Protein chains: 4
Amino acid sequence: MSMNSFGHLFRVTTWGESHGPALGATVDGCPPGVPIEEAMIQHWLDRRKPGQNKYTTQRREADEVKILSGVFEGQTTGTPVQLMIENTDQRSKDYGDIKDKFRPGHADITYFQKYGIRDYRGGGRSSARETAARVAAGGLAREAIRALAPNAQITGYMVQMGPHRIDRARFDWAQIEQNPFWVPDAQAASDWADYLDGLRKSGSSVGAVIEVVARGVPAGLGAPVYGKLDTDLAAAMMSINAVKGVEIGEGMAAAELTGEANADEIFMGQNGPQYSSNHAGGILGGISTGQDIVVRFAVKPTSSILTTRKTITKSGEETEIITKGRHDPCVGIRAVPVGEAMMACVILDHLLLHRGQIGANRGHIG
Amino acid sequence: MSMNSFGHLFRVTTWGESHGPALGATVDGCPPGVPIEEAMIQHWLDRRKPGQNKYTTQRREADEVKILSGVFEGQTTGTPVQLMIENTDQRSKDYGDIKDKFRPGHADITYFQKYGIRDYRGGGRSSARETAARVAAGGLAREAIRALAPNAQITGYMVQMGPHRIDRARFDWAQIEQNPFWVPDAQAASDWADYLDGLRKSGSSVGAVIEVVARGVPAGLGAPVYGKLDTDLAAAMMSINAVKGVEIGEGMAAAELTGEANADEIFMGQNGPQYSSNHAGGILGGISTGQDIVVRFAVKPTSSILTTRKTITKSGEETEIITKGRHDPCVGIRAVPVGEAMMACVILDHLLLHRGQIGANRGHIG
Amino acid sequence: MSMNSFGHLFRVTTWGESHGPALGATVDGCPPGVPIEEAMIQHWLDRRKPGQNKYTTQRREADEVKILSGVFEGQTTGTPVQLMIENTDQRSKDYGDIKDKFRPGHADITYFQKYGIRDYRGGGRSSARETAARVAAGGLAREAIRALAPNAQITGYMVQMGPHRIDRARFDWAQIEQNPFWVPDAQAASDWADYLDGLRKSGSSVGAVIEVVARGVPAGLGAPVYGKLDTDLAAAMMSINAVKGVEIGEGMAAAELTGEANADEIFMGQNGPQYSSNHAGGILGGISTGQDIVVRFAVKPTSSILTTRKTITKSGEETEIITKGRHDPCVGIRAVPVGEAMMACVILDHLLLHRGQIGANRGHIG
Amino acid sequence: MSMNSFGHLFRVTTWGESHGPALGATVDGCPPGVPIEEAMIQHWLDRRKPGQNKYTTQRREADEVKILSGVFEGQTTGTPVQLMIENTDQRSKDYGDIKDKFRPGHADITYFQKYGIRDYRGGGRSSARETAARVAAGGLAREAIRALAPNAQITGYMVQMGPHRIDRARFDWAQIEQNPFWVPDAQAASDWADYLDGLRKSGSSVGAVIEVVARGVPAGLGAPVYGKLDTDLAAAMMSINAVKGVEIGEGMAAAELTGEANADEIFMGQNGPQYSSNHAGGILGGISTGQDIVVRFAVKPTSSILTTRKTITKSGEETEIITKGRHDPCVGIRAVPVGEAMMACVILDHLLLHRGQIGANRGHIG
């Protein structure tokens, strides 16, 4: 069986393949009364859209979203919102070669093993194109969050490309929108451009690490012990194509810390508890602390490369493959808006869940 | 709201607090006809049991499991299996000090902020004691897996304690059961014993990284795109107390690889596809490849330490705290059987999901 | 919150409003390898389509279904199937009058009370138009059932219109397709035509009882105790617009029987157990017996009538209302294919659930 | 697979068999801060308890509930509440005869066909004893409702036993607690006592109809279109052992009404909309109107009777059976508190769901 929905109360079901007529997100559980227009969602889709610069696939897609239901006179009605994006640039002929061969590192082989049938055109359902639907749903989630947590702000950016990491000392929020990689470090943006250009020309690809931060999220969100905020974020990020690791706050490095070093001390601020540091990434016991929520995830390199690799055919013969076509040298770039969208959906979901509680967030301190 | 269930078809709901009368797991969806006795589950609980050596909390708990339902004449009947563990050593007096203060790095403050009320005795529901219920459910899952995937073997072990990592060149499966840390490296086991003893005596604590491997799992498991095998494993591991990062295969290091280096080449073996390497950790596109499934997770250091830390009280006054009581210098040790249990539950769940499919695993190659 | 999905493994989410651009069903969990074309689904939609005779609303809708995803080269791929139906005949002007008034017996008032906003055009989401999406999903379910239970046959028909009931002695399966009411009794069909014509002309409406039978369904389907086959059927039917009662087998009349009269005696047939009668409606303990599964449901009369009724406005003023526009004198007629569709979805869902079990249906008798 | 949970946010999983060590309800999603003691739940269990008079099974069970988790210092903490009832009077020897034979009209045969194994002692999981767990959960739900809808009152009563119906003209709420049948009609109570005594002596049994009314429930509850309030109530009631039909408001009789007769006219009262009648049973479009919510369900006669019936054995031989042991001549009696409990759970669930909405219930009229 497949499972194409996520979220508890804000429930998103994505559908569609890379080269089918359309793809989209069926969003159930969006609260009523949220002001929404297609342009608000289009804004986020445009960020993710392929073909915008030489660092992403040259496939040209308008990625134009249509709202087919759930909105009346500019507001959500509380009924399902259908967000549809039609596929327009489906150059199927590019994919003829992989019809019977499996690309190493790609879902080609496992989809065939699981389903016995696969839409090989552009990877079908396993294509990163599915993430356009997530971005659309995330755009809607952002608008709903505005009503419930007006101070919340969700921002994603790259912190690593291949072996290159940003210099945290140069971190500058304003830089994120100034370069094609969404890097908060002007120097890195410049260095990485050259690096990636070289990779692109050689037909290679490389991985990346993306960080997504949610600021201004109230304390108390999360549903222990199996709907913890970090649990849901881990699932959300790991479900994105090509992601191989997820970290909250210190992440894997937490293993190296002592208890003294790791425990963020607590003080009393004007508006409630304040912390000396944020090793926890804004989440304790699966519940938000009110600090920044910090998630990172690693994206592996695209498996569609111009280097010849050994593989087998559907009938079990050994052969070689080289993947032509239009691919991203670093899919991590386009994963930034996707990571933001998943964060938005998870935060909204937990805002809604938390409201269901009698005396929600009533554990007032001070 | 809380959410205390996980799994799609093999659905486990854990319940109970550190110092309540009992805790347990309500397991719904276990297939009928699985031979099971309490002793089979007890075996795994005994591995996790506290107080077995000087490296884990000195709390003495029999952790004796009772099967209250769902089993008849030594076999599961297909109805819910209730696994109960009574709490016997609840020294509540040890916890009086934290009644009104929040331990830095602990869920004390967020539980209060979320619920407005918390059972402060031993951390209540946020205690790692909850994981005993997971281990019990995992023991049942292992027996059910036997019927569906007889070759499957699930093994967890530590690969890092604080700054110390195992030497993969010395990796030896046989060592895992030979030392109190479940380390597959005899030299590391010896070195870490001294290191941890020092930490324990100084009242400090440290983090760890655990790796769990499932061998012999058939290809085709996983339910894209939001019930992917890696998605569910990420959620399962991140839901464990104190976990801050989860990795599949290469994990975060995948970001540093090029497409050529990362893509595991495919060959044709006697029993189906074989791979030149396993950067993917046995999962492509969210579906198992038939290779070893490899998951790692980082556990942060216990926040209950003997060093004084700054904090606040429920009424918002700044103060200090020092946590006496019986704590683990490295909770990562007891996380090993917990990680195994979560792996077992996820694998069984996906075995069951996959069977629901017409012509399951029919994409035969070769 | 709204909840617009049903089914456990075969999971259908319907979306869309009466007068929006489109409506449809997002179907997740359809097994791969099911042969499907739009025409197969269209066949069932055509049965439900309004405007086919003088007994149903004169709204003209092509109700043309498009498959937007999940199908490749004429077969399902195991990924979500998006079934879209565009609205073409949205005469919004007809509904201007009910913008500020609530129709008695209609969801107008409760949608407003719940959501604070409602799409008043044609009832918006509460319109029976939503059931077109169910019929489309049911068409897909029927094709999937063919692969899992080739002998299964699902048929719905009217057994009561207003005070008039069919004569069971005249029951004839062949008659069902011969009249506009799907009545298995030629005499009733003829009598009811006159009766309904009178009602239609007077601008009144009337209720009905529909029976849906599934023949050839294997024993063993159902997931006690909260996913029983009858539980899921009751929910499925009660979720249809205007349904006020659901019965299994003897239904409400079971209350009048003694234990001797009610218990269907068991014999041994060539292909397994046989029963002397079917008071149980093919379900014992929530599990199918292999007999015909028999469900009935009552549909109340349309609340949109030409008689003046007292009501209030959104601002709380008392007033009167008369509903012009194009309405069904007996919505029960179009509920027949809807009931069939819901039966198909539930049966498929349970076929899939049952397969997940080790040794499914292994309790062989004889 | 089995499915033993119900509810969306207030999620109840029942477990346990008739003759196992214990049974109970794992309740997840109960809001924090609800005052609760075992005695409050025991009160409702005592109403359902068998052996209280000659009209119910003579099995003696203390049915003593223990709260094992989720409550601290007399209040719920927002974590799972485990409600356990130990079985004390398990006279297994009474059931030896049905080990290899299937009782006609009973779940014996279908449990065997589905699972291949069944706990034949007292019907195992299919026993009405499971409903004790529902009543316990319902007791907790009632206390939580108090905080969210202080005016809500839930009352069940019998309206029909065998062919005998109450006289609605004699309806008296005060009578319900005055007789062993919870009948709101003193004359009926007296007449039915004689009738049932006769049935009991002859070893026969009879069905019944129970009505459950929820008064004081706010408008706006329900989650269209698949989590409608009536949909969830239909599922809740149909999941009770032996139930064969469920009605909302007019129920099956709605089929006979015309649109004019059925539509409850709306007026403006001091506290909002008022209705001229309640054919709708307090639910329009799946959402509560603020009127009384009225549900009825039919319970078939117990299949365990003293009359010899034809049946088969596990190996397929034809034989006869007579069921000795301790059984209810009218299980409908004990279904009254069970129906009330299910109503309480559904109402609470929807109160919680509705709170999750932005501006919940903001569609203010007048």
# chains A, B, ... in the order shown; residues from 1 in each chain; ligands from 1
>>> closest_atom_pairs(of="stretch 254-349 of chain A", to="stretch 151-163 of chain B", cutoff="12 Å", atoms="only C-alpha atoms", output="CSV")
residue,atom,partner,partner_atom,distance
A:Ala254,CA,B:Gly162,CA,8.4
A:Ala255,CA,B:Gly162,CA,5.3
A:Glu256,CA,B:Gly162,CA,4.0
A:Leu257,CA,B:Gly162,CA,6.3
A:Thr258,CA,B:Gly162,CA,7.4
A:Gly259,CA,B:Gly162,CA,10.5
A:Ala261,CA,B:Gly162,CA,11.8
A:Asn262,CA,B:Gly162,CA,11.8
>>> select_by_dssp(residues="stretch 100-220 of chain C", states="strand (DSSP E)", output="ChimeraX atom specification")
/C:153-161,164-165,208-215
>>> closest_residue(among="A:Arg355, A:Arg296, A:Arg334, A:Arg168", to="chain C", atoms="only C-alpha atoms")
A:Arg355
>>> closest_atom_pairs(of="chain D", to="chain B", cutoff="9 Å", atoms="only C-alpha atoms", output="JSON lines")
{"residue": "D:Met1", "atom": "CA", "partner": "B:Gly29", "partner_atom": "CA", "distance": 5.4}
{"residue": "D:Ser2", "atom": "CA", "partner": "B:Gly29", "partner_atom": "CA", "distance": 5.3}
{"residue": "D:Met3", "atom": "CA", "partner": "B:Gly29", "partner_atom": "CA", "distance": 6.7}
{"residue": "D:Asn4", "atom": "CA", "partner": "B:Asp28", "partner_atom": "CA", "distance": 6.6}
{"residue": "D:Ser5", "atom": "CA", "partner": "B:Asp28", "partner_atom": "CA", "distance": 8.5}
{"residue": "D:Leu9", "atom": "CA", "partner": "B:Met1", "partner_atom": "CA", "distance": 7.3}
{"residue": "D:Phe10", "atom": "CA", "partner": "B:Met1", "partner_atom": "CA", "distance": 8.7}
{"residue": "D:Thr13", "atom": "CA", "partner": "B:Thr26", "partner_atom": "CA", "distance": 8.0}
{"residue": "D:Thr14", "atom": "CA", "partner": "B:Pro80", "partner_atom": "CA", "distance": 7.9}
{"residue": "D:Trp15", "atom": "CA", "partner": "B:Pro80", "partner_atom": "CA", "distance": 5.4}
{"residue": "D:Gly16", "atom": "CA", "partner": "B:Ser69", "partner_atom": "CA", "distance": 4.8}
{"residue": "D:Glu17", "atom": "CA", "partner": "B:Ser69", "partner_atom": "CA", "distance": 6.4}
{"residue": "D:Gly20", "atom": "CA", "partner": "B:Ser69", "partner_atom": "CA", "distance": 6.1}
{"residue": "D:Pro21", "atom": "CA", "partner": "B:Leu68", "partner_atom": "CA", "distance": 5.6}
{"residue": "D:Ala22", "atom": "CA", "partner": "B:Leu68", "partner_atom": "CA", "distance": 5.9}
{"residue": "D:Leu23", "atom": "CA", "partner": "B:Ser69", "partner_atom": "CA", "distance": 7.2}
{"residue": "D:Thr26", "atom": "CA", "partner": "B:Thr26", "partner_atom": "CA", "distance": 7.3}
{"residue": "D:Val27", "atom": "CA", "partner": "B:Trp15", "partner_atom": "CA", "distance": 9.0}
{"residue": "D:Asp28", "atom": "CA", "partner": "B:Asn4", "partner_atom": "CA", "distance": 6.6}
{"residue": "D:Gly29", "atom": "CA", "partner": "B:Ser2", "partner_atom": "CA", "distance": 5.3}
{"residue": "D:Cys30", "atom": "CA", "partner": "B:Met1", "partner_atom": "CA", "distance": 7.5}
{"residue": "D:Pro31", "atom": "CA", "partner": "B:Met1", "partner_atom": "CA", "distance": 6.6}
{"residue": "D:Pro32", "atom": "CA", "partner": "B:Tyr115", "partner_atom": "CA", "distance": 5.9}
{"residue": "D:Gly33", "atom": "CA", "partner": "B:Ile117", "partner_atom": "CA", "distance": 7.0}
{"residue": "D:Ile67", "atom": "CA", "partner": "B:Pro21", "partner_atom": "CA", "distance": 8.6}
{"residue": "D:Leu68", "atom": "CA", "partner": "B:Pro21", "partner_atom": "CA", "distance": 5.6}
{"residue": "D:Ser69", "atom": "CA", "partner": "B:Gly16", "partner_atom": "CA", "distance": 4.8}
{"residue": "D:Gly70", "atom": "CA", "partner": "B:Gly16", "partner_atom": "CA", "distance": 6.7}
{"residue": "D:Val71", "atom": "CA", "partner": "B:Asp119", "partner_atom": "CA", "distance": 8.3}
{"residue": "D:Phe72", "atom": "CA", "partner": "B:Asp119", "partner_atom": "CA", "distance": 6.0}
{"residue": "D:Glu73", "atom": "CA", "partner": "B:Asp119", "partner_atom": "CA", "distance": 8.5}
{"residue": "D:Gln75", "atom": "CA", "partner": "B:Ile117", "partner_atom": "CA", "distance": 8.5}
{"residue": "D:Thr76", "atom": "CA", "partner": "B:Ile117", "partner_atom": "CA", "distance": 8.4}
{"residue": "D:Thr77", "atom": "CA", "partner": "B:Ile117", "partner_atom": "CA", "distance": 6.0}
{"residue": "D:Gly78", "atom": "CA", "partner": "B:Tyr115", "partner_atom": "CA", "distance": 6.4}
{"residue": "D:Thr79", "atom": "CA", "partner": "B:Ser2", "partner_atom": "CA", "distance": 6.3}
{"residue": "D:Pro80", "atom": "CA", "partner": "B:Trp15", "partner_atom": "CA", "distance": 5.4}
{"residue": "D:Val81", "atom": "CA", "partner": "B:Trp15", "partner_atom": "CA", "distance": 7.2}
{"residue": "D:Gln82", "atom": "CA", "partner": "B:Trp15", "partner_atom": "CA", "distance": 6.9}
{"residue": "D:Tyr115", "atom": "CA", "partner": "B:Pro32", "partner_atom": "CA", "distance": 5.9}
{"residue": "D:Gly116", "atom": "CA", "partner": "B:Pro32", "partner_atom": "CA", "distance": 7.6}
{"residue": "D:Ile117", "atom": "CA", "partner": "B:Thr77", "partner_atom": "CA", "distance": 6.0}
{"residue": "D:Arg118", "atom": "CA", "partner": "B:Thr77", "partner_atom": "CA", "distance": 6.1}
{"residue": "D:Asp119", "atom": "CA", "partner": "B:Phe72", "partner_atom": "CA", "distance": 6.1}
{"residue": "D:Arg125", "atom": "CA", "partner": "B:Thr79", "partner_atom": "CA", "distance": 7.0}
>>> write_last_selection(atoms="C-alpha atoms", output="tab-separated table (two decimals), in the first residue's frame")
chain	number	residue	atom	x	y	z
D	1	MET	CA	-6.45	-7.15	10.86
D	2	SER	CA	-8.42	-6.00	13.85
D	3	MET	CA	-9.18	-2.41	14.68
D	4	ASN	CA	-9.89	-1.75	18.30
D	5	SER	CA	-9.83	2.04	18.55
D	9	LEU	CA	-9.04	13.09	19.20
D	10	PHE	CA	-10.59	11.38	22.23
D	13	THR	CA	-8.82	1.48	22.45
D	14	THR	CA	-10.56	-1.37	24.23
D	15	TRP	CA	-8.80	-4.65	24.94
D	16	GLY	CA	-9.52	-7.91	26.69
D	17	GLU	CA	-11.57	-11.07	26.45
D	20	GLY	CA	-8.86	-13.51	30.20
D	21	PRO	CA	-7.21	-12.01	33.27
D	22	ALA	CA	-8.57	-8.52	32.64
D	23	LEU	CA	-10.06	-6.12	30.12
D	26	THR	CA	-6.68	2.73	26.89
D	27	VAL	CA	-7.91	6.29	26.53
D	28	ASP	CA	-5.66	8.66	24.61
D	29	GLY	CA	-6.44	12.31	24.07
D	30	CYS	CA	-8.33	13.04	27.26
D	31	PRO	CA	-7.70	16.72	27.99
D	32	PRO	CA	-5.65	17.60	31.07
D	33	GLY	CA	-7.17	19.03	34.20
D	67	ILE	CA	-6.99	3.77	36.93
D	68	LEU	CA	-3.42	2.75	36.09
D	69	SER	CA	-2.17	5.91	34.39
D	70	GLY	CA	-2.88	9.43	33.25
D	71	VAL	CA	-4.25	10.77	36.54
D	72	PHE	CA	-2.23	12.64	39.14
D	73	GLU	CA	-3.54	14.13	42.36
D	75	GLN	CA	-6.83	15.21	37.81
D	76	THR	CA	-6.10	13.96	34.32
D	77	THR	CA	-2.64	14.99	33.12
D	78	GLY	CA	-3.29	14.86	29.37
D	79	THR	CA	-1.45	11.53	29.04
D	80	PRO	CA	-3.12	8.18	28.31
D	81	VAL	CA	-5.59	6.97	30.91
D	82	GLN	CA	-5.54	3.23	31.38
D	115	TYR	CA	-8.54	-15.67	12.50
D	116	GLY	CA	-8.18	-19.43	12.30
D	117	ILE	CA	-8.09	-19.45	16.08
D	118	ARG	CA	-10.55	-18.24	18.65
D	119	ASP	CA	-10.84	-17.95	22.38
D	125	ARG	CA	-13.28	-10.95	22.34
>>> atom_distance(atom1="atom CA of C:Leu199", atom2="atom CA of C:Trp44")
27.3 Å
>>> select_by_dssp(residues="stretch 229-285 of chain D", states="alpha helix (DSSP H)", output="ChimeraX atom specification")
/D:229-238,259-262
>>> residues_around(residues="B:Gly290", least_positions_apart="4", cutoff="8 Å", atoms="only C-alpha atoms", output="number ranges by chain")
B: 216-220, 282
>>> write_last_selection(atoms="C-alpha atoms", output="mmCIF file, in the first residue's frame")
data_model
loop_
_atom_site.group_PDB
_atom_site.id
_atom_site.type_symbol
_atom_site.label_atom_id
_atom_site.label_comp_id
_atom_site.auth_asym_id
_atom_site.auth_seq_id
_atom_site.Cartn_x
_atom_site.Cartn_y
_atom_site.Cartn_z
ATOM 1 C CA GLY B 216 17.281 -10.216 5.788
ATOM 2 C CA VAL B 217 14.388 -7.851 5.172
ATOM 3 C CA PRO B 218 12.771 -8.410 1.765
ATOM 4 C CA ALA B 219 12.745 -5.754 -0.949
ATOM 5 C CA GLY B 220 9.539 -3.811 -1.482
ATOM 6 C CA GLY B 282 18.938 -0.305 2.278
#
>>> atom_distance(atom1="atom CA of C:Glu247", atom2="atom CA of D:Ser239")
12.7 Å
>>> decode(residues="stretch 300-309 of chain C", atoms="all heavy atoms", output="mmCIF file, in the first residue's frame")
data_model
loop_
_atom_site.group_PDB
_atom_site.id
_atom_site.type_symbol
_atom_site.label_atom_id
_atom_site.label_comp_id
_atom_site.auth_asym_id
_atom_site.auth_seq_id
_atom_site.Cartn_x
_atom_site.Cartn_y
_atom_site.Cartn_z
ATOM 1 N N LYS C 300 -34.156 10.925 3.762
ATOM 2 C CA LYS C 300 -35.262 11.833 4.060
ATOM 3 C C LYS C 300 -35.639 12.622 2.793
ATOM 4 O O LYS C 300 -34.864 12.640 1.827
ATOM 5 C CB LYS C 300 -34.882 12.779 5.196
ATOM 6 C CG LYS C 300 -33.836 13.815 4.823
ATOM 7 C CD LYS C 300 -33.557 14.783 5.986
ATOM 8 C CE LYS C 300 -32.603 15.881 5.527
ATOM 9 N NZ LYS C 300 -32.209 16.791 6.618
ATOM 10 N N PRO C 301 -36.789 13.261 2.785
ATOM 11 C CA PRO C 301 -37.173 14.046 1.595
ATOM 12 C C PRO C 301 -36.294 15.290 1.458
ATOM 13 O O PRO C 301 -35.837 15.841 2.449
ATOM 14 C CB PRO C 301 -38.631 14.428 1.877
ATOM 15 C CG PRO C 301 -38.789 14.333 3.361
ATOM 16 C CD PRO C 301 -37.856 13.242 3.801
ATOM 17 N N THR C 302 -36.070 15.705 0.229
ATOM 18 C CA THR C 302 -35.354 16.954 -0.035
ATOM 19 C C THR C 302 -35.988 18.082 0.747
ATOM 20 O O THR C 302 -37.211 18.195 0.784
ATOM 21 C CB THR C 302 -35.503 17.333 -1.537
ATOM 22 O OG1 THR C 302 -35.314 16.168 -2.314
ATOM 23 C CG2 THR C 302 -34.514 18.403 -1.932
ATOM 24 N N SER C 303 -35.149 18.919 1.321
ATOM 25 C CA SER C 303 -35.700 20.054 2.076
ATOM 26 C C SER C 303 -35.959 21.248 1.165
ATOM 27 O O SER C 303 -36.597 22.208 1.576
ATOM 28 C CB SER C 303 -34.743 20.430 3.206
ATOM 29 O OG SER C 303 -33.437 20.584 2.705
ATOM 30 N N SER C 304 -35.460 21.179 -0.054
ATOM 31 C CA SER C 304 -35.720 22.273 -0.997
ATOM 32 C C SER C 304 -37.056 22.029 -1.688
ATOM 33 O O SER C 304 -37.140 21.208 -2.597
ATOM 34 C CB SER C 304 -34.592 22.343 -2.039
ATOM 35 O OG SER C 304 -33.361 22.558 -1.391
ATOM 36 N N ILE C 305 -38.089 22.700 -1.241
ATOM 37 C CA ILE C 305 -39.437 22.469 -1.756
ATOM 38 C C ILE C 305 -40.098 23.795 -2.118
ATOM 39 O O ILE C 305 -39.636 24.866 -1.736
ATOM 40 C CB ILE C 305 -40.321 21.722 -0.730
ATOM 41 C CG1 ILE C 305 -40.154 22.384 0.658
ATOM 42 C CG2 ILE C 305 -39.952 20.251 -0.669
ATOM 43 C CD1 ILE C 305 -41.063 21.817 1.712
ATOM 44 N N LEU C 306 -41.217 23.684 -2.835
ATOM 45 C CA LEU C 306 -41.892 24.898 -3.305
ATOM 46 C C LEU C 306 -42.934 25.418 -2.327
ATOM 47 O O LEU C 306 -43.646 26.371 -2.614
ATOM 48 C CB LEU C 306 -42.529 24.646 -4.680
ATOM 49 C CG LEU C 306 -41.517 24.612 -5.834
ATOM 50 C CD1 LEU C 306 -42.192 24.154 -7.118
ATOM 51 C CD2 LEU C 306 -40.918 26.012 -6.013
ATOM 52 N N THR C 307 -43.048 24.770 -1.166
ATOM 53 C CA THR C 307 -43.994 25.223 -0.149
ATOM 54 C C THR C 307 -43.299 26.235 0.770
ATOM 55 O O THR C 307 -42.142 26.049 1.130
ATOM 56 C CB THR C 307 -44.466 24.021 0.694
ATOM 57 O OG1 THR C 307 -44.945 23.025 -0.198
ATOM 58 C CG2 THR C 307 -45.552 24.422 1.675
ATOM 59 N N THR C 308 -44.010 27.267 1.131
ATOM 60 C CA THR C 308 -43.441 28.287 2.015
ATOM 61 C C THR C 308 -43.256 27.732 3.427
ATOM 62 O O THR C 308 -44.151 27.079 3.970
ATOM 63 C CB THR C 308 -44.382 29.509 2.063
ATOM 64 O OG1 THR C 308 -44.523 30.002 0.732
ATOM 65 C CG2 THR C 308 -43.793 30.600 2.950
ATOM 66 N N ARG C 309 -42.068 27.985 3.990
ATOM 67 C CA ARG C 309 -41.775 27.511 5.351
ATOM 68 C C ARG C 309 -41.212 28.667 6.166
ATOM 69 O O ARG C 309 -40.557 29.558 5.621
ATOM 70 C CB ARG C 309 -40.725 26.379 5.325
ATOM 71 C CG ARG C 309 -41.086 25.193 4.428
ATOM 72 C CD ARG C 309 -42.239 24.383 4.911
ATOM 73 N NE ARG C 309 -41.934 23.693 6.154
ATOM 74 C CZ ARG C 309 -42.880 23.203 6.968
ATOM 75 N NH1 ARG C 309 -44.157 23.356 6.671
ATOM 76 N NH2 ARG C 309 -42.551 22.571 8.071
#
